[in-house]
Amino acid sequence: MKRTEAIRVLIADDHPLIRGALNIAISGISTAAETLEAGTLEDAVALLEKDPSFNLLLLDLNMPGMKGFSGLTYVRAQYPGIPVMIVSGTTDRTTMRRCIDFGASGFLPKTLALEATRNAIQIVLDGGTWTPPDVDLSAPPDQEIANLVARLNSLTPQQMRVLMMLSEGMLNKQIAFELNVSEATVKAHVSAILTKLGVESRTQAVIAAAKIEAGQF
């Protein structure tokens, strides 16, 4: 039976057909379901900044702006109270597991049938974690990944934002302008980032961010 309580879901995917299919799946979950759509990470973040009261974010792993796992880590840092379910066409089990390790509550293959998609989304809405059955979530994560995730989780949302800007090659004054803060504040954030990531220079911090982006550890 359909739920009667209101649910709000943000669908972030650059393919209209996928967004349409996910809308159909969600409409079958609740009689009071509301969905908003975005085609890029930037558009999704803009919607979240405007109103973060979503019950779930369905996030395409490969849409514009995502940059590997960095988009997932950024969203999780900025909006830790919103469960994120990755949507992707990949069938690579390592990628699926790493998404969970980086804080996703589920991994939804785009090839999944409609009813199975609906059931998977319901599990995550109920506070659970869902991946395809043949993905082993019981095994402990790779220790290097676990250490990196722990260090990333120690960053504040603003520090995570600064780290992503550093990885784009932005200078302190450019970051200060974008965030509407002083350069001294940016320098303080950079210093804290270096300490928390256990690196000695902003170059090493950028390398760490690049590893997150590429999924290379």
# chains A, B, ... in the order shown; residues from 1 in each chain; ligands from 1
>>> residues_around(residues="Ala32 of chain A", least_positions_apart="4", cutoff="8 Å", atoms="only C-alpha atoms", output="mmCIF file with N, CA and C atoms, in the first residue's frame")
data_model
loop_
_atom_site.group_PDB
_atom_site.id
_atom_site.type_symbol
_atom_site.label_atom_id
_atom_site.label_comp_id
_atom_site.auth_asym_id
_atom_site.auth_seq_id
_atom_site.Cartn_x
_atom_site.Cartn_y
_atom_site.Cartn_z
ATOM 1 N N ARG A 3 2.166 4.925 1.006
ATOM 2 C CA ARG A 3 2.226 5.736 2.216
ATOM 3 C C ARG A 3 1.269 6.914 2.071
ATOM 4 N N THR A 4 0.901 7.470 3.188
ATOM 5 C CA THR A 4 0.068 8.673 3.152
ATOM 6 C C THR A 4 0.840 9.905 3.610
ATOM 7 N N GLU A 5 2.004 9.683 4.279
ATOM 8 C CA GLU A 5 2.764 10.837 4.737
ATOM 9 C C GLU A 5 3.502 11.487 3.568
ATOM 10 N N ALA A 6 3.713 12.787 3.673
ATOM 11 C CA ALA A 6 4.398 13.529 2.624
ATOM 12 C C ALA A 6 5.884 13.173 2.601
ATOM 13 N N ILE A 7 6.436 12.988 1.412
ATOM 14 C CA ILE A 7 7.870 12.789 1.246
ATOM 15 C C ILE A 7 8.364 13.726 0.152
#
>>> select_by_dssp(residues="segment 41-111 of chain A", states="helix (DSSP H, G or I)", output="count of residues only")
28
>>> residues_around(residues="segment 173-180 of chain A", least_positions_apart="3", cutoff="12 Å", atoms="only C-alpha atoms", output="list in words")
Gln158, Gln159, Arg161, Val162, Leu163, Met164, Met165, Leu166, Ser167, Glu168, Gly169, Met170, Glu183, Ala184, Thr185, Val186, Lys187, Ala188, His189 and Val190 of chain A
>>> write_last_selection(atoms="all heavy atoms", output="compact mmCIF listing (two decimals), in the first residue's frame")
# COMPACT_ATOMS: atom_id res chain seq x y z
N GLN A 158 32.16 23.98 5.67
CA GLN A 158 32.87 25.07 5.00
C GLN A 158 34.28 24.64 4.59
O GLN A 158 34.77 24.99 3.51
CB GLN A 158 32.92 26.30 5.90
CG GLN A 158 33.39 27.56 5.18
CD GLN A 158 32.32 28.21 4.33
OE1 GLN A 158 31.56 27.53 3.66
NE2 GLN A 158 32.25 29.53 4.38
N GLN A 159 34.93 23.84 5.44
CA GLN A 159 36.26 23.35 5.10
C GLN A 159 36.21 22.40 3.91
O GLN A 159 37.10 22.42 3.05
CB GLN A 159 36.89 22.67 6.31
CG GLN A 159 37.31 23.64 7.40
CD GLN A 159 37.59 22.96 8.72
OE1 GLN A 159 37.51 21.72 8.84
NE2 GLN A 159 37.92 23.74 9.75
N ARG A 161 34.05 22.59 1.53
CA ARG A 161 33.83 23.47 0.38
C ARG A 161 35.15 24.10 -0.07
O ARG A 161 35.45 24.16 -1.27
CB ARG A 161 32.81 24.54 0.76
CG ARG A 161 32.40 25.44 -0.37
CD ARG A 161 31.30 26.40 0.09
NE ARG A 161 30.01 26.03 -0.43
CZ ARG A 161 28.89 26.68 -0.17
NH1 ARG A 161 28.90 27.73 0.64
NH2 ARG A 161 27.75 26.30 -0.69
N VAL A 162 35.95 24.54 0.88
CA VAL A 162 37.25 25.13 0.55
C VAL A 162 38.16 24.09 -0.10
O VAL A 162 38.85 24.38 -1.09
CB VAL A 162 37.92 25.72 1.81
CG1 VAL A 162 39.37 26.11 1.52
CG2 VAL A 162 37.14 26.93 2.31
N LEU A 163 38.14 22.86 0.40
CA LEU A 163 38.97 21.80 -0.18
C LEU A 163 38.60 21.55 -1.63
O LEU A 163 39.47 21.40 -2.50
CB LEU A 163 38.82 20.50 0.63
CG LEU A 163 39.56 19.28 0.08
CD1 LEU A 163 41.07 19.53 0.02
CD2 LEU A 163 39.25 18.04 0.93
N MET A 164 37.30 21.52 -1.94
CA MET A 164 36.87 21.30 -3.32
C MET A 164 37.31 22.47 -4.21
O MET A 164 37.67 22.28 -5.37
CB MET A 164 35.35 21.13 -3.37
CG MET A 164 34.81 19.87 -2.70
SD MET A 164 35.47 18.33 -3.40
CE MET A 164 36.64 17.82 -2.13
N MET A 165 37.27 23.68 -3.66
CA MET A 165 37.71 24.85 -4.43
C MET A 165 39.22 24.82 -4.66
O MET A 165 39.70 25.19 -5.74
CB MET A 165 37.30 26.13 -3.71
CG MET A 165 35.81 26.40 -3.72
SD MET A 165 35.36 27.91 -2.84
CE MET A 165 33.61 28.03 -3.26
N LEU A 166 39.97 24.35 -3.65
CA LEU A 166 41.42 24.19 -3.82
C LEU A 166 41.71 23.20 -4.96
O LEU A 166 42.63 23.41 -5.76
CB LEU A 166 42.06 23.68 -2.53
CG LEU A 166 42.15 24.63 -1.35
CD1 LEU A 166 42.74 23.90 -0.14
CD2 LEU A 166 42.99 25.85 -1.68
N SER A 167 40.92 22.13 -5.01
CA SER A 167 41.14 21.10 -6.03
C SER A 167 40.85 21.62 -7.44
O SER A 167 41.32 21.06 -8.43
CB SER A 167 40.28 19.86 -5.75
OG SER A 167 38.91 20.13 -5.99
N GLU A 168 40.08 22.71 -7.51
CA GLU A 168 39.80 23.33 -8.81
C GLU A 168 40.85 24.37 -9.18
O GLU A 168 40.74 25.05 -10.20
CB GLU A 168 38.42 24.00 -8.77
CG GLU A 168 37.27 23.00 -8.64
CD GLU A 168 35.93 23.67 -8.39
OE1 GLU A 168 35.89 24.92 -8.41
OE2 GLU A 168 34.94 22.95 -8.19
N GLY A 169 41.88 24.51 -8.33
CA GLY A 169 42.97 25.43 -8.62
C GLY A 169 42.70 26.87 -8.24
O GLY A 169 43.42 27.78 -8.66
N MET A 170 41.69 27.11 -7.41
CA MET A 170 41.34 28.47 -7.03
C MET A 170 42.31 29.01 -6.00
O MET A 170 42.77 28.30 -5.12
CB MET A 170 39.91 28.53 -6.50
CG MET A 170 38.85 28.18 -7.53
SD MET A 170 37.16 28.17 -6.86
CE MET A 170 36.94 29.92 -6.49
N GLU A 183 40.25 36.87 3.23
CA GLU A 183 41.34 35.95 2.89
C GLU A 183 41.93 35.31 4.14
O GLU A 183 42.37 34.15 4.11
CB GLU A 183 42.43 36.69 2.11
CG GLU A 183 42.08 36.94 0.65
CD GLU A 183 43.28 37.42 -0.16
OE1 GLU A 183 44.31 36.71 -0.17
OE2 GLU A 183 43.18 38.50 -0.75
N ALA A 184 41.93 36.06 5.24
CA ALA A 184 42.44 35.51 6.50
C ALA A 184 41.61 34.31 6.94
O ALA A 184 42.15 33.31 7.44
CB ALA A 184 42.42 36.58 7.58
N THR A 185 40.29 34.39 6.73
CA THR A 185 39.41 33.26 7.07
C THR A 185 39.72 32.06 6.20
O THR A 185 39.76 30.91 6.68
CB THR A 185 37.93 33.67 6.91
OG1 THR A 185 37.63 34.74 7.81
CG2 THR A 185 37.00 32.50 7.20
N VAL A 186 39.95 32.31 4.92
CA VAL A 186 40.29 31.22 4.00
C VAL A 186 41.61 30.57 4.42
O VAL A 186 41.73 29.34 4.44
CB VAL A 186 40.37 31.72 2.55
CG1 VAL A 186 40.88 30.60 1.63
CG2 VAL A 186 39.01 32.21 2.08
N LYS A 187 42.59 31.39 4.77
CA LYS A 187 43.89 30.85 5.22
C LYS A 187 43.72 29.98 6.46
O LYS A 187 44.36 28.94 6.59
CB LYS A 187 44.86 32.00 5.49
CG LYS A 187 45.35 32.71 4.24
CD LYS A 187 46.30 33.86 4.59
CE LYS A 187 46.77 34.57 3.34
NZ LYS A 187 47.67 35.72 3.65
N ALA A 188 42.84 30.40 7.36
CA ALA A 188 42.58 29.61 8.57
C ALA A 188 41.94 28.28 8.20
O ALA A 188 42.28 27.23 8.78
CB ALA A 188 41.68 30.40 9.51
N HIS A 189 41.01 28.31 7.24
CA HIS A 189 40.38 27.06 6.79
C HIS A 189 41.41 26.13 6.16
O HIS A 189 41.42 24.92 6.43
CB HIS A 189 39.28 27.36 5.77
CG HIS A 189 38.01 27.86 6.37
ND1 HIS A 189 37.45 27.29 7.50
CD2 HIS A 189 37.15 28.84 5.98
CE1 HIS A 189 36.32 27.92 7.80
NE2 HIS A 189 36.12 28.86 6.89
N VAL A 190 42.29 26.69 5.32
CA VAL A 190 43.31 25.88 4.65
C VAL A 190 44.23 25.24 5.69
O VAL A 190 44.56 24.05 5.60
CB VAL A 190 44.12 26.72 3.65
CG1 VAL A 190 45.31 25.92 3.11
CG2 VAL A 190 43.23 27.18 2.50
>>> residues_around(residues="Leu57 of chain A", least_positions_apart="5", cutoff="8 Å", atoms="only C-alpha atoms", output="ChimeraX atom specification")
/A:9-12,82-85
>>> write_last_selection(atoms="N, CA and C atoms", output="CSV table (one decimal), in the first residue's frame")
chain,number,residue,atom,x,y,z
A,9,VAL,N,11.6,14.4,-2.4
A,9,VAL,CA,12.8,13.7,-3.0
A,9,VAL,C,13.4,14.7,-4.0
A,10,LEU,N,14.7,14.8,-4.0
A,10,LEU,CA,15.4,15.6,-5.0
A,10,LEU,C,16.1,14.6,-5.9
A,11,ILE,N,15.7,14.6,-7.2
A,11,ILE,CA,16.3,13.7,-8.2
A,11,ILE,C,17.3,14.5,-9.0
A,12,ALA,N,18.6,14.2,-8.9
A,12,ALA,CA,19.7,14.9,-9.6
A,12,ALA,C,20.3,13.9,-10.6
A,82,ILE,N,20.5,14.5,5.2
A,82,ILE,CA,19.7,14.0,4.1
A,82,ILE,C,20.3,12.8,3.5
A,83,PRO,N,19.6,11.6,3.6
A,83,PRO,CA,20.2,10.4,3.0
A,83,PRO,C,20.4,10.6,1.5
A,84,VAL,N,21.5,10.0,1.0
A,84,VAL,CA,21.9,10.1,-0.4
A,84,VAL,C,21.9,8.7,-1.0
A,85,MET,N,21.2,8.5,-2.1
A,85,MET,CA,21.2,7.2,-2.8
A,85,MET,C,21.8,7.5,-4.2
>>> closest_residue(among="A:Leu36, A:Met63, A:Leu41, A:Ala77", to="Asp14 of chain A", atoms="only C-alpha atoms")
A:Met63
>>> atom_distance(atom1="atom CA of Leu58 of chain A", atom2="atom CA of Leu112 of chain A")
14.3 Å
>>> select_by_dssp(residues="chain A", states="strand (DSSP E or B)", output="JSON list (two decimals) with all heavy atoms, in the first residue's frame")
[["chain", "number", "residue", "atom", "x", "y", "z"],
["A", 3, "ARG", "N", 2.17, 4.92, 1.01],
["A", 3, "ARG", "CA", 2.23, 5.74, 2.22],
["A", 3, "ARG", "C", 1.27, 6.91, 2.07],
["A", 3, "ARG", "O", 0.91, 7.31, 0.96],
["A", 3, "ARG", "CB", 3.64, 6.28, 2.42],
["A", 3, "ARG", "CG", 4.74, 5.23, 2.53],
["A", 3, "ARG", "CD", 6.08, 5.91, 2.36],
["A", 3, "ARG", "NE", 7.18, 4.97, 2.45],
["A", 3, "ARG", "CZ", 8.12, 5.00, 3.39],
["A", 3, "ARG", "NH1", 8.08, 5.93, 4.33],
["A", 3, "ARG", "NH2", 9.09, 4.12, 3.42],
["A", 7, "ILE", "N", 6.44, 12.99, 1.41],
["A", 7, "ILE", "CA", 7.87, 12.79, 1.25],
["A", 7, "ILE", "C", 8.36, 13.73, 0.15],
["A", 7, "ILE", "O", 7.67, 13.96, -0.83],
["A", 7, "ILE", "CB", 8.24, 11.32, 0.91],
["A", 7, "ILE", "CG1", 7.54, 10.87, -0.37],
["A", 7, "ILE", "CG2", 7.92, 10.39, 2.06],
["A", 7, "ILE", "CD1", 8.05, 9.52, -0.88],
["A", 8, "ARG", "N", 9.55, 14.28, 0.36],
["A", 8, "ARG", "CA", 10.16, 15.17, -0.62],
["A", 8, "ARG", "C", 11.47, 14.55, -1.08],
["A", 8, "ARG", "O", 12.33, 14.22, -0.26],
["A", 8, "ARG", "CB", 10.42, 16.56, -0.04],
["A", 8, "ARG", "CG", 9.17, 17.28, 0.41],
["A", 8, "ARG", "CD", 9.50, 18.70, 0.86],
["A", 8, "ARG", "NE", 9.78, 19.58, -0.27],
["A", 8, "ARG", "CZ", 10.93, 20.25, -0.44],
["A", 8, "ARG", "NH1", 11.91, 20.11, 0.42],
["A", 8, "ARG", "NH2", 11.10, 21.05, -1.49],
["A", 9, "VAL", "N", 11.60, 14.39, -2.39],
["A", 9, "VAL", "CA", 12.79, 13.75, -2.95],
["A", 9, "VAL", "C", 13.38, 14.65, -4.03],
["A", 9, "VAL", "O", 12.65, 15.16, -4.90],
["A", 9, "VAL", "CB", 12.45, 12.37, -3.56],
["A", 9, "VAL", "CG1", 13.71, 11.72, -4.14],
["A", 9, "VAL", "CG2", 11.81, 11.46, -2.52],
["A", 10, "LEU", "N", 14.69, 14.84, -3.97],
["A", 10, "LEU", "CA", 15.40, 15.58, -5.01],
["A", 10, "LEU", "C", 16.07, 14.58, -5.94],
["A", 10, "LEU", "O", 16.87, 13.75, -5.50],
["A", 10, "LEU", "CB", 16.44, 16.51, -4.38],
["A", 10, "LEU", "CG", 17.36, 17.27, -5.35],
["A", 10, "LEU", "CD1", 16.54, 18.08, -6.37],
["A", 10, "LEU", "CD2", 18.32, 18.17, -4.59],
["A", 11, "ILE", "N", 15.71, 14.64, -7.21],
["A", 11, "ILE", "CA", 16.28, 13.75, -8.22],
["A", 11, "ILE", "C", 17.32, 14.53, -9.01],
["A", 11, "ILE", "O", 16.99, 15.48, -9.72],
["A", 11, "ILE", "CB", 15.20, 13.21, -9.17],
["A", 11, "ILE", "CG1", 14.12, 12.46, -8.39],
["A", 11, "ILE", "CG2", 15.82, 12.30, -10.22],
["A", 11, "ILE", "CD1", 12.92, 12.06, -9.25],
["A", 12, "ALA", "N", 18.58, 14.16, -8.87],
["A", 12, "ALA", "CA", 19.67, 14.85, -9.56],
["A", 12, "ALA", "C", 20.30, 13.91, -10.58],
["A", 12, "ALA", "O", 21.08, 13.02, -10.22],
["A", 12, "ALA", "CB", 20.71, 15.34, -8.55],
["A", 30, "SER", "N", 4.19, 7.04, -2.26],
["A", 30, "SER", "CA", 3.35, 7.86, -1.38],
["A", 30, "SER", "C", 2.31, 8.63, -2.17],
["A", 30, "SER", "O", 2.57, 9.06, -3.30],
["A", 30, "SER", "CB", 4.22, 8.84, -0.58],
["A", 30, "SER", "OG", 3.43, 9.76, 0.13],
["A", 33, "ALA", "N", 3.74, 12.46, -2.45],
["A", 33, "ALA", "CA", 5.15, 12.56, -2.82],
["A", 33, "ALA", "C", 5.39, 13.82, -3.64],
["A", 33, "ALA", "O", 4.63, 14.14, -4.55],
["A", 33, "ALA", "CB", 5.58, 11.33, -3.61],
["A", 34, "GLU", "N", 6.45, 14.53, -3.30],
["A", 34, "GLU", "CA", 6.86, 15.71, -4.05],
["A", 34, "GLU", "C", 8.29, 15.51, -4.52],
["A", 34, "GLU", "O", 9.17, 15.13, -3.74],
["A", 34, "GLU", "CB", 6.78, 16.97, -3.19],
["A", 34, "GLU", "CG", 7.25, 18.23, -3.91],
["A", 34, "GLU", "CD", 7.38, 19.43, -2.99],
["A", 34, "GLU", "OE1", 7.07, 19.30, -1.78],
["A", 34, "GLU", "OE2", 7.82, 20.49, -3.48],
["A", 35, "THR", "N", 8.54, 15.74, -5.80],
["A", 35, "THR", "CA", 9.89, 15.60, -6.33],
["A", 35, "THR", "C", 10.32, 16.90, -7.01],
["A", 35, "THR", "O", 9.52, 17.58, -7.64],
["A", 35, "THR", "CB", 9.99, 14.46, -7.36],
["A", 35, "THR", "OG1", 9.08, 14.70, -8.44],
["A", 35, "THR", "CG2", 9.67, 13.12, -6.71],
["A", 36, "LEU", "N", 11.59, 17.21, -6.85],
["A", 36, "LEU", "CA", 12.23, 18.29, -7.59],
["A", 36, "LEU", "C", 13.37, 17.68, -8.38],
["A", 36, "LEU", "O", 13.92, 16.64, -7.99],
["A", 36, "LEU", "CB", 12.76, 19.38, -6.66],
["A", 36, "LEU", "CG", 11.76, 20.48, -6.26],
["A", 36, "LEU", "CD1", 10.71, 19.93, -5.30],
["A", 36, "LEU", "CD2", 12.49, 21.65, -5.60],
["A", 37, "GLU", "N", 13.73, 18.30, -9.51],
["A", 37, "GLU", "CA", 14.72, 17.73, -10.39],
["A", 37, "GLU", "C", 15.87, 18.70, -10.66],
["A", 37, "GLU", "O", 15.68, 19.92, -10.68],
["A", 37, "GLU", "CB", 14.09, 17.33, -11.73],
["A", 37, "GLU", "CG", 12.99, 16.28, -11.61],
["A", 37, "GLU", "CD", 12.40, 15.90, -12.96],
["A", 37, "GLU", "OE1", 13.00, 16.28, -14.00],
["A", 37, "GLU", "OE2", 11.36, 15.23, -12.99],
["A", 38, "ALA", "N", 17.06, 18.12, -10.86],
["A", 38, "ALA", "CA", 18.24, 18.89, -11.22],
["A", 38, "ALA", "C", 19.06, 18.07, -12.22],
["A", 38, "ALA", "O", 19.08, 16.84, -12.14],
["A", 38, "ALA", "CB", 19.07, 19.22, -9.99],
["A", 56, "LEU", "N", 15.14, 12.62, 0.88],
["A", 56, "LEU", "CA", 16.07, 11.77, 0.15],
["A", 56, "LEU", "C", 16.63, 12.53, -1.04],
["A", 56, "LEU", "O", 15.92, 13.31, -1.68],
["A", 56, "LEU", "CB", 15.37, 10.50, -0.34],
["A", 56, "LEU", "CG", 16.17, 9.52, -1.20],
["A", 56, "LEU", "CD1", 17.32, 8.90, -0.40],
["A", 56, "LEU", "CD2", 15.28, 8.41, -1.76],
["A", 57, "LEU", "N", 17.91, 12.30, -1.34],
["A", 57, "LEU", "CA", 18.55, 12.80, -2.55],
["A", 57, "LEU", "C", 18.96, 11.61, -3.40],
["A", 57, "LEU", "O", 19.74, 10.76, -2.95],
["A", 57, "LEU", "CB", 19.77, 13.66, -2.20],
["A", 57, "LEU", "CG", 20.70, 14.03, -3.36],
["A", 57, "LEU", "CD1", 19.97, 14.84, -4.42],
["A", 57, "LEU", "CD2", 21.93, 14.79, -2.84],
["A", 58, "LEU", "N", 18.44, 11.53, -4.61],
["A", 58, "LEU", "CA", 18.86, 10.54, -5.59],
["A", 58, "LEU", "C", 19.89, 11.22, -6.49],
["A", 58, "LEU", "O", 19.56, 12.15, -7.22],
["A", 58, "LEU", "CB", 17.67, 10.02, -6.41],
["A", 58, "LEU", "CG", 16.59, 9.29, -5.61],
["A", 58, "LEU", "CD1", 15.41, 8.95, -6.50],
["A", 58, "LEU", "CD2", 17.16, 8.02, -4.97],
["A", 59, "LEU", "N", 21.13, 10.75, -6.44],
["A", 59, "LEU", "CA", 22.26, 11.48, -7.03],
["A", 59, "LEU", "C", 22.98, 10.64, -8.07],
["A", 59, "LEU", "O", 23.55, 9.59, -7.76],
["A", 59, "LEU", "CB", 23.22, 11.87, -5.90],
["A", 59, "LEU", "CG", 24.40, 12.76, -6.24],
["A", 59, "LEU", "CD1", 23.95, 14.14, -6.72],
["A", 59, "LEU", "CD2", 25.32, 12.90, -5.02],
["A", 60, "ASP", "N", 22.97, 11.12, -9.31],
["A", 60, "ASP", "CA", 23.68, 10.45, -10.40],
["A", 60, "ASP", "C", 25.18, 10.56, -10.17],
["A", 60, "ASP", "O", 25.70, 11.66, -9.98],
["A", 60, "ASP", "CB", 23.27, 11.10, -11.73],
["A", 60, "ASP", "CG", 23.93, 10.44, -12.94],
["A", 60, "ASP", "OD1", 24.56, 9.37, -12.78],
["A", 60, "ASP", "OD2", 23.80, 10.99, -14.05],
["A", 84, "VAL", "N", 21.54, 10.02, 1.02],
["A", 84, "VAL", "CA", 21.88, 10.10, -0.40],
["A", 84, "VAL", "C", 21.91, 8.69, -0.99],
["A", 84, "VAL", "O", 22.57, 7.80, -0.44],
["A", 84, "VAL", "CB", 23.26, 10.76, -0.61],
["A", 84, "VAL", "CG1", 23.61, 10.79, -2.10],
["A", 84, "VAL", "CG2", 23.27, 12.18, -0.04],
["A", 85, "MET", "N", 21.19, 8.52, -2.08],
["A", 85, "MET", "CA", 21.19, 7.25, -2.80],
["A", 85, "MET", "C", 21.81, 7.50, -4.17],
["A", 85, "MET", "O", 21.30, 8.30, -4.95],
["A", 85, "MET", "CB", 19.77, 6.70, -2.92],
["A", 85, "MET", "CG", 19.70, 5.24, -3.30],
["A", 85, "MET", "SD", 18.00, 4.62, -3.13],
["A", 85, "MET", "CE", 18.32, 2.86, -3.19],
["A", 86, "ILE", "N", 22.93, 6.84, -4.43],
["A", 86, "ILE", "CA", 23.61, 7.03, -5.71],
["A", 86, "ILE", "C", 22.86, 6.28, -6.80],
["A", 86, "ILE", "O", 22.43, 5.14, -6.62],
["A", 86, "ILE", "CB", 25.06, 6.53, -5.62],
["A", 86, "ILE", "CG1", 25.89, 7.44, -4.71],
["A", 86, "ILE", "CG2", 25.69, 6.46, -7.01],
["A", 86, "ILE", "CD1", 26.05, 8.85, -5.21],
["A", 87, "VAL", "N", 22.71, 6.94, -7.94],
["A", 87, "VAL", "CA", 22.09, 6.33, -9.11],
["A", 87, "VAL", "C", 23.15, 6.25, -10.20],
["A", 87, "VAL", "O", 23.83, 7.24, -10.48],
["A", 87, "VAL", "CB", 20.89, 7.18, -9.60],
["A", 87, "VAL", "CG1", 20.25, 6.53, -10.81],
["A", 87, "VAL", "CG2", 19.88, 7.39, -8.49],
["A", 88, "SER", "N", 23.34, 5.08, -10.79],
["A", 88, "SER", "CA", 24.41, 4.95, -11.77],
["A", 88, "SER", "C", 24.16, 3.79, -12.73],
["A", 88, "SER", "O", 23.45, 2.84, -12.40],
["A", 88, "SER", "CB", 25.75, 4.74, -11.05],
["A", 88, "SER", "OG", 26.81, 4.57, -11.98],
["A", 106, "GLY", "N", 22.66, 4.17, -0.21],
["A", 106, "GLY", "CA", 22.23, 3.16, -1.16],
["A", 106, "GLY", "C", 22.86, 3.38, -2.52],
["A", 106, "GLY", "O", 23.42, 4.45, -2.80],
["A", 107, "PHE", "N", 22.82, 2.35, -3.34],
["A", 107, "PHE", "CA", 23.33, 2.41, -4.70],
["A", 107, "PHE", "C", 22.30, 1.80, -5.62],
["A", 107, "PHE", "O", 21.98, 0.61, -5.50],
["A", 107, "PHE", "CB", 24.67, 1.67, -4.82],
["A", 107, "PHE", "CG", 25.38, 1.94, -6.12],
["A", 107, "PHE", "CD1", 26.45, 2.82, -6.17],
["A", 107, "PHE", "CD2", 24.98, 1.32, -7.30],
["A", 107, "PHE", "CE1", 27.11, 3.07, -7.37],
["A", 107, "PHE", "CE2", 25.62, 1.57, -8.50],
["A", 107, "PHE", "CZ", 26.69, 2.45, -8.53],
["A", 108, "LEU", "N", 21.76, 2.60, -6.52],
["A", 108, "LEU", "CA", 20.64, 2.20, -7.36],
["A", 108, "LEU", "C", 21.09, 2.07, -8.82],
["A", 108, "LEU", "O", 21.30, 3.08, -9.49],
["A", 108, "LEU", "CB", 19.53, 3.24, -7.24],
["A", 108, "LEU", "CG", 18.13, 2.91, -7.76],
["A", 108, "LEU", "CD1", 17.54, 1.75, -6.97],
["A", 108, "LEU", "CD2", 17.25, 4.14, -7.65],
["A", 109, "PRO", "N", 21.26, 0.86, -9.34],
["A", 109, "PRO", "CA", 21.61, 0.72, -10.75],
["A", 109, "PRO", "C", 20.47, 1.19, -11.65],
["A", 109, "PRO", "O", 19.30, 0.93, -11.38],
["A", 109, "PRO", "CB", 21.82, -0.79, -10.90],
["A", 109, "PRO", "CG", 22.06, -1.30, -9.52],
["A", 109, "PRO", "CD", 21.22, -0.43, -8.64],
["A", 130, "TRP", "N", 20.66, 0.21, 1.04],
["A", 130, "TRP", "CA", 20.34, -0.77, 0.00],
["A", 130, "TRP", "C", 21.38, -0.72, -1.11],
["A", 130, "TRP", "O", 21.74, 0.35, -1.60],
["A", 130, "TRP", "CB", 18.97, -0.51, -0.61],
["A", 130, "TRP", "CG", 18.52, -1.66, -1.50],
["A", 130, "TRP", "CD1", 17.78, -2.73, -1.11],
["A", 130, "TRP", "CD2", 18.83, -1.85, -2.89],
["A", 130, "TRP", "NE1", 17.60, -3.59, -2.18],
["A", 130, "TRP", "CE2", 18.24, -3.08, -3.28],
["A", 130, "TRP", "CE3", 19.54, -1.12, -3.83],
["A", 130, "TRP", "CZ2", 18.34, -3.57, -4.57],
["A", 130, "TRP", "CZ3", 19.66, -1.62, -5.12],
["A", 130, "TRP", "CH2", 19.05, -2.83, -5.49]]
>>> closest_residue(among="A:Gly28, A:Gly89, A:Gly127, A:Pro157", to="Thr73 of chain A", atoms="only C-alpha atoms")
A:Pro157
>>> closest_residue(among="A:Gly128, A:Leu72, A:Val135, A:Leu194", to="Asp92 of chain A", atoms="only C-alpha atoms")
A:Val135
